[in-house]
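As provided, target.tsv (TSV, C-alpha atoms and all ligand atoms) reads as follows.
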chain	number	residue	atom	x	y	z
A	907	MET	CA	6.58	-17.99	8.94
A	908	HIS	CA	4.76	-16.15	6.13
A	909	HIS	CA	1.34	-17.13	7.32
A	910	PRO	CA	-0.20	-15.55	10.40
A	911	ASN	CA	-1.20	-17.94	13.21
A	912	LYS	CA	-4.84	-18.89	13.75
A	913	ASP	CA	-5.53	-15.70	15.70
A	914	GLY	CA	-4.07	-13.63	12.87
A	915	PHE	CA	-0.71	-12.77	14.43
A	916	PHE	CA	2.58	-12.36	12.60
A	917	GLY	CA	4.84	-12.85	15.64
A	918	ASN	CA	3.70	-10.23	18.15
A	919	TYR	CA	1.67	-8.18	15.65
A	920	GLY	CA	-1.76	-8.36	14.05
A	921	GLY	CA	-4.82	-10.08	15.50
A	922	MET	CA	-8.52	-9.26	15.38
A	923	PHE	CA	-9.34	-6.40	17.77
A	924	VAL	CA	-12.92	-5.77	16.63
A	925	PRO	CA	-16.41	-5.74	18.19
A	926	ASP	CA	-18.04	-9.18	18.49
A	927	THR	CA	-20.57	-8.33	15.75
A	928	LEU	CA	-17.75	-8.30	13.18
A	929	MET	CA	-16.05	-11.57	14.11
A	930	PRO	CA	-18.39	-13.79	12.01
A	931	ALA	CA	-17.79	-11.56	8.95
A	932	LEU	CA	-14.01	-11.78	9.32
A	933	GLU	CA	-14.17	-15.53	9.81
A	934	ALA	CA	-16.42	-15.93	6.75
A	935	LEU	CA	-14.03	-13.78	4.71
A	936	LEU	CA	-11.06	-15.94	5.66
A	937	LYS	CA	-12.96	-19.16	5.01
A	938	CYS	CA	-14.12	-18.04	1.58
A	939	TYR	CA	-10.65	-16.82	0.67
A	940	GLU	CA	-8.97	-20.08	1.70
A	941	ARG	CA	-11.56	-22.03	-0.27
A	942	ILE	CA	-11.21	-20.13	-3.54
A	943	LYS	CA	-7.67	-18.76	-3.55
A	944	ASP	CA	-6.33	-21.70	-5.55
A	945	ASP	CA	-9.56	-22.37	-7.41
A	946	SER	CA	-8.82	-22.10	-11.12
A	947	ALA	CA	-12.05	-20.20	-11.97
A	948	PHE	CA	-11.05	-17.50	-9.47
A	949	THR	CA	-7.35	-17.28	-10.34
A	950	GLU	CA	-8.11	-17.24	-14.07
A	951	GLU	CA	-10.70	-14.48	-13.73
A	952	LEU	CA	-8.29	-12.40	-11.63
A	953	ALA	CA	-5.45	-13.01	-14.10
A	954	TYR	CA	-7.74	-12.03	-16.98
A	955	TYR	CA	-8.60	-8.63	-15.48
A	956	LEU	CA	-5.04	-7.98	-14.26
A	957	HIS	CA	-3.87	-8.40	-17.84
A	958	HIS	CA	-6.66	-6.90	-19.93
A	959	PHE	CA	-7.98	-4.23	-17.58
A	960	VAL	CA	-4.99	-3.23	-15.43
A	961	GLY	CA	-2.31	-3.82	-18.08
A	962	ARG	CA	-0.10	-6.31	-16.23
A	963	PRO	CA	2.63	-7.41	-16.24
A	964	SER	CA	4.06	-3.98	-15.52
A	965	PRO	CA	7.54	-3.42	-17.01
A	966	LEU	CA	10.75	-3.75	-15.02
A	967	TYR	CA	12.60	-0.79	-16.47
A	968	LEU	CA	16.38	-0.37	-16.37
A	969	ALA	CA	16.71	3.35	-15.61
A	970	LYS	CA	20.04	4.12	-17.28
A	971	ASN	CA	20.40	7.76	-16.38
A	972	ILE	CA	19.88	7.50	-12.63
A	973	SER	CA	21.92	4.28	-12.69
A	974	LYS	CA	24.82	6.30	-14.09
A	975	LYS	CA	24.31	9.15	-11.65
A	976	PHE	CA	24.28	6.90	-8.56
A	977	HIS	CA	26.85	4.31	-9.85
A	978	LYS	CA	24.39	1.45	-9.55
A	979	THR	CA	22.18	-0.71	-11.73
A	980	ILE	CA	18.68	0.54	-10.93
A	981	TYR	CA	15.53	-1.18	-12.12
A	982	LEU	CA	12.12	0.47	-11.65
A	983	LYS	CA	9.07	-1.75	-11.24
A	984	ARG	CA	6.53	0.37	-13.11
A	985	GLU	CA	3.32	0.15	-11.05
A	986	ASP	CA	2.72	3.75	-12.16
A	987	LEU	CA	1.74	2.34	-15.56
A	988	ASN	CA	-1.20	0.37	-14.17
A	989	HIS	CA	-4.72	1.54	-14.95
A	990	THR	CA	-5.55	4.29	-12.40
A	991	GLY	CA	-1.84	5.01	-11.96
A	992	ALA	CA	-0.71	2.99	-8.95
A	993	HIS	CA	-0.52	-0.45	-7.35
A	994	LYS	CA	-3.79	-0.09	-5.41
A	995	ILE	CA	-5.91	-1.57	-8.22
A	996	ASN	CA	-4.20	-5.00	-7.78
A	997	ASN	CA	-5.84	-5.25	-4.35
A	998	THR	CA	-9.26	-3.74	-5.12
A	999	LEU	CA	-9.67	-6.08	-8.10
A	1000	GLY	CA	-8.79	-9.15	-6.04
A	1001	GLN	CA	-11.12	-8.14	-3.23
A	1002	ILE	CA	-14.13	-7.34	-5.41
A	1003	LEU	CA	-13.88	-10.73	-7.14
A	1004	LEU	CA	-13.74	-12.31	-3.68
A	1005	ALA	CA	-16.78	-10.27	-2.59
A	1006	LYS	CA	-18.73	-11.52	-5.60
A	1007	LYS	CA	-17.86	-15.12	-4.75
A	1008	MET	CA	-19.20	-14.49	-1.23
A	1009	GLY	CA	-22.49	-13.26	-2.71
A	1010	LYS	CA	-22.04	-9.67	-1.48
A	1011	THR	CA	-23.96	-7.02	-3.40
A	1012	ARG	CA	-22.53	-3.78	-1.99
A	1013	ILE	CA	-18.99	-2.41	-1.46
A	1014	ILE	CA	-17.69	0.15	1.02
A	1015	ALA	CA	-14.21	1.62	1.45
A	1016	GLU	CA	-12.32	4.33	3.32
A	1017	THR	CA	-10.03	6.75	1.56
A	1018	GLY	CA	-7.61	9.51	2.57
A	1019	ALA	CA	-6.17	11.19	-0.49
A	1020	GLY	CA	-8.69	9.40	-2.64
A	1021	GLN	CA	-6.35	6.95	-4.39
A	1022	HIS	CA	-7.85	3.87	-2.77
A	1023	GLY	CA	-11.31	5.35	-3.24
A	1024	VAL	CA	-10.66	5.78	-6.96
A	1025	ALA	CA	-9.30	2.23	-7.28
A	1026	THR	CA	-12.39	0.92	-5.46
A	1027	ALA	CA	-14.88	3.02	-7.47
A	1028	THR	CA	-13.14	1.77	-10.64
A	1029	VAL	CA	-13.61	-1.94	-9.90
A	1030	CYS	CA	-17.18	-1.31	-8.67
A	1031	ALA	CA	-18.03	0.30	-12.02
A	1032	LEU	CA	-16.34	-2.64	-13.77
A	1033	MET	CA	-18.37	-5.20	-11.82
A	1034	GLY	CA	-21.61	-3.20	-11.63
A	1035	MET	CA	-21.67	-3.01	-7.82
A	1036	PRO	CA	-22.92	-0.03	-5.79
A	1037	CYS	CA	-20.19	1.58	-3.74
A	1038	ASP	CA	-20.04	3.90	-0.73
A	1039	ILE	CA	-16.76	5.69	-0.02
A	1040	TYR	CA	-16.03	7.23	3.39
A	1041	MET	CA	-13.78	10.28	3.28
A	1042	GLY	CA	-12.93	12.99	5.83
A	1043	SER	CA	-14.44	16.38	5.00
A	1044	ASN	CA	-10.98	17.98	5.10
A	1045	ASP	CA	-9.72	15.45	2.57
A	1046	ILE	CA	-12.77	16.01	0.34
A	1047	GLU	CA	-11.80	19.65	0.11
A	1048	ARG	CA	-8.10	18.96	-0.49
A	1049	GLN	CA	-8.63	16.18	-3.05
A	1050	SER	CA	-11.48	17.50	-5.18
A	1051	LEU	CA	-10.19	15.93	-8.40
A	1052	ASN	CA	-10.33	12.41	-6.95
A	1053	VAL	CA	-13.79	13.15	-5.53
A	1054	LYS	CA	-14.92	14.06	-9.05
A	1055	ARG	CA	-13.38	10.88	-10.47
A	1056	MET	CA	-15.15	8.66	-7.95
A	1057	THR	CA	-18.48	10.46	-8.48
A	1058	LEU	CA	-18.18	10.15	-12.27
A	1059	MET	CA	-17.75	6.39	-11.89
A	1060	GLY	CA	-20.94	6.22	-9.85
A	1061	ALA	CA	-19.63	6.00	-6.28
A	1062	THR	CA	-21.41	7.72	-3.39
A	1063	ILE	CA	-19.06	9.86	-1.28
A	1064	ASN	CA	-19.88	10.00	2.45
A	1065	SER	CA	-18.34	13.04	4.10
A	1066	VAL	CA	-16.98	12.38	7.63
A	1067	ASN	CA	-17.03	15.37	9.97
A	1068	THR	CA	-15.73	13.82	13.18
A	1069	GLY	CA	-12.28	14.08	14.80
A	1070	SER	CA	-9.52	15.35	12.52
A	1071	LYS	CA	-11.89	14.88	9.52
A	1072	THR	CA	-9.28	12.77	7.72
A	1073	LEU	CA	-8.42	9.13	6.97
A	1074	LYS	CA	-8.40	7.84	10.56
A	1075	ASP	CA	-11.98	9.08	11.10
A	1076	ALA	CA	-13.16	7.89	7.68
A	1077	THR	CA	-11.91	4.39	8.57
A	1078	THR	CA	-13.87	4.44	11.84
A	1079	GLU	CA	-17.07	5.37	9.95
A	1080	ALA	CA	-16.51	2.67	7.32
A	1081	ILE	CA	-16.19	0.07	10.10
A	1082	ARG	CA	-19.43	1.37	11.64
A	1083	ASP	CA	-21.25	1.02	8.29
A	1084	TRP	CA	-19.88	-2.51	7.90
A	1085	MET	CA	-21.19	-3.50	11.32
A	1086	LYS	CA	-24.68	-2.38	10.29
A	1087	HIS	CA	-24.74	-3.98	6.82
A	1088	VAL	CA	-22.43	-6.92	7.15
A	1089	GLU	CA	-24.84	-9.41	5.50
A	1090	ASN	CA	-24.74	-7.86	2.04
A	1091	THR	CA	-21.64	-5.59	2.23
A	1092	HIS	CA	-17.94	-6.22	1.72
A	1093	TYR	CA	-15.45	-3.70	3.11
A	1094	ILE	CA	-12.41	-3.27	0.83
A	1095	ILE	CA	-9.48	-2.17	3.01
A	1096	GLY	CA	-6.79	-0.31	1.04
A	1097	SER	CA	-3.52	-1.44	2.59
A	1098	ALA	CA	-1.97	-4.44	4.39
A	1099	LEU	CA	-3.66	-3.27	7.58
A	1100	GLY	CA	-6.69	-3.85	9.76
A	1101	PRO	CA	-7.92	-7.01	11.45
A	1102	HIS	CA	-6.96	-10.48	10.24
A	1103	PRO	CA	-7.43	-11.70	7.48
A	1104	TYR	CA	-7.03	-8.32	5.68
A	1105	PRO	CA	-3.23	-8.01	6.03
A	1106	LEU	CA	-2.91	-11.51	4.55
A	1107	LEU	CA	-5.39	-10.88	1.71
A	1108	VAL	CA	-3.94	-7.54	0.68
A	1109	ARG	CA	-0.36	-8.82	0.79
A	1110	ASN	CA	-1.28	-11.81	-1.36
A	1111	PHE	CA	-3.14	-9.72	-3.94
A	1112	GLN	CA	-0.19	-7.29	-4.12
A	1113	SER	CA	2.46	-10.02	-4.26
A	1114	ILE	CA	1.96	-10.16	-8.04
A	1115	ILE	CA	4.37	-7.17	-8.08
A	1116	GLY	CA	7.32	-9.10	-6.68
A	1117	LYS	CA	6.42	-12.32	-8.46
A	1118	GLU	CA	6.77	-10.51	-11.79
A	1119	ALA	CA	9.81	-8.47	-10.69
A	1120	ARG	CA	11.78	-11.53	-9.55
A	1121	LYS	CA	11.22	-13.28	-12.87
A	1122	GLN	CA	11.96	-10.11	-14.86
A	1123	VAL	CA	15.22	-9.32	-13.05
A	1124	LEU	CA	16.47	-12.88	-13.54
A	1125	GLU	CA	15.69	-12.58	-17.27
A	1126	GLN	CA	17.17	-9.12	-17.71
A	1127	ALA	CA	20.10	-9.03	-15.30
A	1128	GLY	CA	20.70	-12.76	-14.95
A	1129	THR	CA	20.96	-12.33	-11.20
A	1130	LEU	CA	18.95	-11.48	-8.11
A	1131	PRO	CA	19.21	-7.87	-6.95
A	1132	ASP	CA	21.30	-6.80	-3.94
A	1133	ALA	CA	18.35	-4.83	-2.59
A	1134	VAL	CA	14.65	-4.21	-3.15
A	1135	ILE	CA	13.34	-0.80	-2.06
A	1136	ALA	CA	9.78	0.44	-1.52
A	1137	CYS	CA	8.02	3.27	0.30
A	1138	ILE	CA	5.85	2.40	3.30
A	1139	GLY	CA	2.45	3.85	4.12
A	1140	GLY	CA	0.43	0.92	5.46
A	1141	GLY	CA	2.79	-1.47	3.71
A	1142	SER	CA	0.95	-2.91	0.70
A	1143	ASN	CA	3.28	-2.01	-2.17
A	1144	ALA	CA	6.30	-2.85	0.02
A	1145	LEU	CA	5.02	-6.29	1.03
A	1146	GLY	CA	3.81	-6.80	-2.53
A	1147	ILE	CA	7.29	-6.41	-3.98
A	1148	PHE	CA	9.15	-7.98	-1.00
A	1149	TYR	CA	7.11	-11.14	-0.60
A	1150	HIS	CA	8.67	-13.29	-3.33
A	1151	PHE	CA	12.16	-12.22	-2.21
A	1152	LEU	CA	11.68	-13.13	1.47
A	1153	GLU	CA	13.49	-16.47	1.13
A	1154	ASP	CA	16.36	-14.94	-0.86
A	1155	THR	CA	18.47	-14.05	2.15
A	1156	SER	CA	21.13	-12.32	0.02
A	1157	VAL	CA	18.52	-9.72	-1.05
A	1158	ARG	CA	18.18	-6.77	1.34
A	1159	LEU	CA	14.59	-5.61	1.82
A	1160	ILE	CA	14.47	-1.89	2.47
A	1161	GLY	CA	11.39	0.12	3.42
A	1162	VAL	CA	11.23	3.90	3.38
A	1163	GLU	CA	8.87	5.79	5.69
A	1164	ALA	CA	7.93	9.46	5.75
A	1165	ALA	CA	10.06	11.57	8.09
A	1166	GLY	CA	7.85	14.59	7.28
A	1167	GLU	CA	9.44	17.72	8.75
A	1168	GLY	CA	11.99	15.55	10.57
A	1169	LEU	CA	11.94	12.64	13.04
A	1170	GLU	CA	12.90	15.01	15.87
A	1171	THR	CA	9.67	16.96	15.30
A	1172	LYS	CA	6.20	15.51	15.94
A	1173	LYS	CA	5.34	16.07	12.27
A	1174	HIS	CA	6.17	12.76	10.62
A	1175	ALA	CA	4.59	9.39	9.78
A	1176	ALA	CA	7.48	7.04	10.67
A	1177	SER	CA	5.57	4.42	12.66
A	1178	LEU	CA	8.20	1.67	12.23
A	1179	SER	CA	11.00	3.96	13.46
A	1180	LYS	CA	9.12	5.88	16.13
A	1181	GLY	CA	5.94	3.97	16.96
A	1182	LYS	CA	5.10	1.85	19.99
A	1183	PRO	CA	2.90	-1.26	20.09
A	1184	GLY	CA	-0.78	-0.30	20.20
A	1185	VAL	CA	-4.14	-1.19	18.71
A	1186	LEU	CA	-5.39	0.85	15.76
A	1187	HIS	CA	-8.22	-0.11	13.39
A	1188	GLY	CA	-8.52	-3.71	14.43
A	1189	SER	CA	-4.95	-4.92	14.88
A	1190	LEU	CA	-1.92	-4.52	17.10
A	1191	ASN	CA	1.00	-2.79	15.39
A	1192	THR	CA	3.59	-0.12	16.01
A	1193	VAL	CA	1.58	3.09	16.15
A	1194	LEU	CA	2.58	6.73	16.67
A	1195	GLN	CA	1.39	7.69	20.17
A	1196	ASP	CA	1.93	10.48	22.65
A	1197	GLU	CA	3.10	9.98	26.25
A	1198	ASN	CA	-0.45	9.02	27.31
A	1199	GLY	CA	-0.92	6.41	24.61
A	1200	GLN	CA	-3.18	8.67	22.52
A	1201	ILE	CA	-2.81	8.17	18.76
A	1202	GLN	CA	-0.62	10.95	17.39
A	1203	LEU	CA	-1.59	12.77	14.18
A	1204	ALA	CA	0.67	11.69	11.35
A	1205	HIS	CA	2.17	14.13	8.88
A	1206	SER	CA	3.72	13.73	5.44
A	1207	ILE	CA	3.76	15.80	2.26
A	1208	SER	CA	2.45	12.66	0.54
A	1209	ALA	CA	-1.11	11.83	1.53
A	1210	GLY	CA	-0.59	8.10	0.96
A	1211	LEU	CA	2.08	7.87	3.69
A	1212	ASP	CA	0.20	10.10	6.11
A	1213	TYR	CA	-1.07	7.40	8.52
A	1214	PRO	CA	-0.03	6.84	12.17
A	1215	GLY	CA	0.22	3.04	11.87
A	1216	VAL	CA	1.75	0.33	9.68
A	1217	GLY	CA	0.64	-3.24	8.96
A	1218	PRO	CA	1.56	-6.22	11.18
A	1219	GLU	CA	3.72	-8.23	8.78
A	1220	LEU	CA	6.15	-5.34	8.28
A	1221	CYS	CA	6.34	-4.81	12.07
A	1222	TYR	CA	7.21	-8.49	12.39
A	1223	LEU	CA	9.81	-8.50	9.59
A	1224	LYS	CA	11.45	-5.42	11.07
A	1225	GLU	CA	11.60	-6.94	14.57
A	1226	LYS	CA	13.11	-10.13	13.13
A	1227	GLY	CA	15.76	-8.11	11.31
A	1228	ARG	CA	14.64	-9.15	7.81
A	1229	LEU	CA	13.39	-5.66	6.95
A	1230	GLU	CA	15.56	-2.53	7.15
A	1231	SER	CA	13.73	0.76	7.40
A	1232	TYR	CA	14.77	4.36	6.87
A	1233	ALA	CA	12.88	7.63	6.95
A	1234	ILE	CA	13.03	10.42	4.36
A	1235	THR	CA	11.89	14.02	4.89
A	1236	ASN	CA	9.39	15.95	2.77
A	1237	HIS	CA	12.22	18.06	1.42
A	1238	LYS	CA	14.34	15.10	0.29
A	1239	ALA	CA	11.31	13.36	-1.25
A	1240	LEU	CA	10.64	16.43	-3.41
A	1241	GLU	CA	14.28	16.35	-4.55
A	1242	GLY	CA	13.95	12.66	-5.40
A	1243	CYS	CA	10.86	13.42	-7.46
A	1244	LYS	CA	12.55	16.25	-9.36
A	1245	GLN	CA	15.62	14.16	-10.08
A	1246	LEU	CA	13.67	11.26	-11.61
A	1247	ALA	CA	11.58	13.66	-13.70
A	1248	GLU	CA	14.65	15.46	-15.07
A	1249	LEU	CA	16.83	12.42	-15.63
A	1250	GLU	CA	14.35	9.76	-16.73
A	1251	GLY	CA	11.21	11.57	-17.90
A	1252	ILE	CA	9.09	9.89	-15.24
A	1253	ILE	CA	7.03	11.88	-12.73
A	1254	ALA	CA	6.64	9.70	-9.65
A	1255	ALA	CA	4.05	10.01	-6.91
A	1256	LEU	CA	5.30	11.80	-3.79
A	1257	GLU	CA	4.91	8.54	-1.83
A	1258	THR	CA	7.27	6.79	-4.23
A	1259	SER	CA	9.63	9.77	-4.19
A	1260	HIS	CA	10.59	8.86	-0.60
A	1261	ALA	CA	12.02	5.58	-1.87
A	1262	LEU	CA	13.72	7.37	-4.77
A	1263	ALA	CA	15.43	9.80	-2.39
A	1264	LEU	CA	17.15	6.92	-0.59
A	1265	LEU	CA	19.16	6.14	-3.76
A	1266	ALA	CA	21.39	9.13	-3.00
A	1267	ASP	CA	22.37	7.81	0.45
A	1268	LYS	CA	25.76	6.10	0.16
A	1269	THR	CA	25.74	5.07	3.80
A	1270	VAL	CA	22.81	2.78	2.98
A	1271	LEU	CA	23.53	1.73	-0.62
A	1272	SER	CA	27.10	1.32	-1.81
A	1273	ASP	CA	28.19	1.63	-5.45
A	1274	ASN	CA	27.91	-1.04	-8.17
A	1275	GLN	CA	24.89	-2.76	-6.68
A	1276	THR	CA	21.79	-3.99	-8.47
A	1277	ILE	CA	18.63	-2.43	-7.05
A	1278	ILE	CA	14.93	-2.86	-7.74
A	1279	LEU	CA	12.76	0.05	-6.67
A	1280	CYS	CA	8.98	-0.19	-6.59
A	1281	LEU	CA	7.66	2.79	-8.53
A	1282	SER	CA	4.34	2.53	-6.73
A	1283	GLY	CA	2.50	5.32	-8.56
A	1284	ARG	CA	2.59	8.29	-10.88
A	1285	GLY	CA	2.73	11.89	-9.78
A	1286	ASP	CA	-0.10	13.54	-11.76
A	1287	LYS	CA	-2.20	13.74	-8.58
A	1288	ASP	CA	0.63	15.57	-6.79
A	1289	MET	CA	1.46	18.17	-9.45
A	1290	GLU	CA	0.02	21.07	-7.48
A	1291	THR	CA	2.04	20.22	-4.37
A	1292	ILE	CA	5.16	19.52	-6.40
A	1293	SER	CA	5.04	22.76	-8.37
A	1294	LYS	CA	4.46	24.75	-5.19
A	1295	HIS	CA	7.73	23.47	-3.73
A	1296	VAL	CA	10.10	22.80	-6.62
X	1	LIG	C1	-1.36	4.61	-1.25
X	1	LIG	C2	-0.03	4.71	-1.86
X	1	LIG	C3	1.14	4.31	-1.18
X	1	LIG	C4	1.15	3.84	0.26
X	1	LIG	O1	0.40	2.71	0.53
X	1	LIG	P1	1.05	1.29	0.81
X	1	LIG	O2	-0.10	0.47	1.26
X	1	LIG	O3	2.10	1.45	1.88
X	1	LIG	O4	1.63	0.81	-0.45
X	1	LIG	C5	2.35	4.37	-1.86
X	1	LIG	N1	2.43	4.81	-3.13
X	1	LIG	C6	1.33	5.21	-3.81
X	1	LIG	C7	1.50	5.71	-5.21
X	1	LIG	C8	0.07	5.18	-3.21
X	1	LIG	O5	-1.01	5.58	-3.91
Could you spell out this file's structure in structure tokens?
Amino acid sequence: MHHPNKDGFFGNYGGMFVPDTLMPALEALLKCYERIKDDSAFTEELAYYLHHFVGRPSPLYLAKNISKKFHKTIYLKREDLNHTGAHKINNTLGQILLAKKMGKTRIIAETGAGQHGVATATVCALMGMPCDIYMGSNDIERQSLNVKRMTLMGATINSVNTGSKTLKDATTEAIRDWMKHVENTHYIIGSALGPHPYPLLVRNFQSIIGKEARKQVLEQAGTLPDAVIACIGGGSNALGIFYHFLEDTSVRLIGVEAAGEGLETKKHAASLSKGKPGVLHGSLNTVLQDENGQIQLAHSISAGLDYPGVGPELCYLKEKGRLESYAITNHKALEGCKQLAELEGIIAALETSHALALLADKTVLSDNQTIILCLSGRGDKDMETISKHV
């Protein structure tokens, strides 16, 4: 149930929709991963860096003031306290160690807002590997601080001028590079997306979040939570915190997508709520499309949720009824951000703020419940946007 079938499908979703030239690389990646994933040298090295470099375990913090305000017991899983400020480093660290085991000498990655690019450039500096980041030219302009960070750590930024000049186009270029240099290059994908085995790899590397959270909540509250909540871009922080609760059927798993300007407009990124099955970047998932099946441009105030697709395992869990999903507008997300800052002294990323905004919705969450919310990242990167609106 929690493992894709041999063709990489979770139920009806996933697969490997890539050119023939890439199939051997994907098969080699899966083979290597299956061989070393339980190997003690690999797990110990990963655990070492997660602790000493990233700062894990991240705290599970009982947020008293918002608990009081919303009449609930609310725990925040503090991924914002990780090195580089979000959960993405859990995945980039796992993948670069895997790349080293495969004998790869070069790393490439795509990035939209630059968060995954920064997390990739960080582990490449750590491991002394050269790194090429693909980024849309529009994003390079909008995210100059992250471009400077990546450059300072020695990454090469490749500007992509095709299409909408954003994440979707950067991903296409990264795949093209990989096809050309597949012998020596590993492609680090940034979310639980793309062709098999990436959704499996990324979910497993991120599942450290929920593994810690489940143990911490049992220690601190003496009970499992009523619900676990996370925001959904491609699905990596959500699957990361959900995974170890999947068998706990009393625990509701709740994902929050970006409703942008509203689900009734075309300006949103709610692929689980509004998408239709389609192939995007190597796998079959629910994707935002127009009447002719063309991929629709996604929109969200938070760059990390601004993607027209979502990974296969979440599509599957939603279809099976294990995952509930809701969508939160830009406006409500900003309110959620402001509230946490004022009441708890924590500035959350705008992605995370979508999950925070759901706490106010009594039709979804009744009083006196115990909730864990994945605080996927910190809001420093969003300060300009936040101060413009609040
Ligand atoms: C990238 C990002 C997300 C969205 O990505 P997922 O793969 O869905 O987790 C959410 N929160 C933060 C802080 C991010 O940087």
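Using all atoms listed in the file for every distance, the candidate list A:Ser964, A:Ser1070, A:Gln1122, A:Thr1062 yields A:Ser964 as the residue closest to A:Glu985.
Near ligand LIG 1 (chain X), at a distance of at most 6 Å and with all atoms listed in the file counted, sit the residues Ala992, Gln1021, Ser1097, Ile1138, Gly1139, Gly1140, Gly1141, Ser1142, Asn1143, Ala1144, Gly1210, Leu1211, Ala1255, Glu1257, Thr1258, Ser1282 and Gly1283 of chain A.
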**Study point:** Residues within 12 Å of (-14.2, -16.9, 0.4), file coords, all atoms listed in the file, listed as a count of residues only
**Key:** 30
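Taking atom CA of A:Ala1027 and atom CA of A:Leu1058 as the two end points, the separation is 9.2 Å.
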Point to revise | Contacts of A:Ile1201 at 10 Å (all atoms listed in the file; same-chain gap of 2+ positions) as a list of chain:residue names | key: A:Lys1074, A:Gly1181, A:Gly1184, A:Val1185, A:Leu1186, A:Val1193, A:Leu1194, A:Gln1195, A:Asp1196, A:Glu1197, A:Asn1198, A:Gly1199, A:Leu1203, A:Ala1204, A:Pro1214, A:Gly1215
Output C-alpha atoms for every residue in the selection just made, as a PDB file, in the frame of the given file.
ATOM      1  CA  LYS A1074      -8.400   7.840  10.560  1.00  0.00           C
ATOM      2  CA  GLY A1181       5.940   3.970  16.960  1.00  0.00           C
ATOM      3  CA  GLY A1184      -0.780  -0.300  20.200  1.00  0.00           C
ATOM      4  CA  VAL A1185      -4.140  -1.190  18.710  1.00  0.00           C
ATOM      5  CA  LEU A1186      -5.390   0.850  15.760  1.00  0.00           C
ATOM      6  CA  VAL A1193       1.580   3.090  16.150  1.00  0.00           C
ATOM      7  CA  LEU A1194       2.580   6.730  16.670  1.00  0.00           C
ATOM      8  CA  GLN A1195       1.390   7.690  20.170  1.00  0.00           C
ATOM      9  CA  ASP A1196       1.930  10.480  22.650  1.00  0.00           C
ATOM     10  CA  GLU A1197       3.100   9.980  26.250  1.00  0.00           C
ATOM     11  CA  ASN A1198      -0.450   9.020  27.310  1.00  0.00           C
ATOM     12  CA  GLY A1199      -0.920   6.410  24.610  1.00  0.00           C
ATOM     13  CA  LEU A1203      -1.590  12.770  14.180  1.00  0.00           C
ATOM     14  CA  ALA A1204       0.670  11.690  11.350  1.00  0.00           C
ATOM     15  CA  PRO A1214      -0.030   6.840  12.170  1.00  0.00           C
ATOM     16  CA  GLY A1215       0.220   3.040  11.870  1.00  0.00           C
TER      17      GLY A1215
END
Answer as a compact mmCIF listing (two decimals) with C-alpha atoms, in the coordinates of the input, residues within 9 Å of (25.3, -6.3, -2.7) using all atoms listed in the file:
# COMPACT_ATOMS: atom_id res chain seq x y z
CA PRO A 1131 19.21 -7.87 -6.95
CA ASP A 1132 21.30 -6.80 -3.94
CA ALA A 1133 18.35 -4.83 -2.59
CA SER A 1156 21.13 -12.32 0.02
CA VAL A 1157 18.52 -9.72 -1.05
CA ARG A 1158 18.18 -6.77 1.34
CA LEU A 1271 23.53 1.73 -0.62
CA SER A 1272 27.10 1.32 -1.81
CA ASP A 1273 28.19 1.63 -5.45
CA ASN A 1274 27.91 -1.04 -8.17
CA GLN A 1275 24.89 -2.76 -6.68
CA THR A 1276 21.79 -3.99 -8.47
CA ILE A 1277 18.63 -2.43 -7.05
Point to revise | Close residues, A:Arg1055 itself excluded, 10 Å, only C-alpha atoms, min 2 positions apart in chain, as a PyMOL selection string | key: chain A and resi 1020+1023-1024+1027-1028+1050-1053+1057-1061
**Study point:** Nearest to A:Asn1236 by atom-to-atom distance, counting only C-alpha atoms, from A:Ile1253, A:Cys1221, A:Ile1278, A:His1174
**Key:** A:His1174
Practice item. Would you kindly return, as JSON, numbers by chain, each protein, DNA or RNA residue with an atom no farther than 10 Å from any atom of A:Asn971, considering all atoms listed in the file and excluding same-chain residues fewer than 2 positions away? Key: {"A": [968, 969, 973, 974, 975, 976, 977, 979, 980, 1246, 1248, 1249, 1250]}
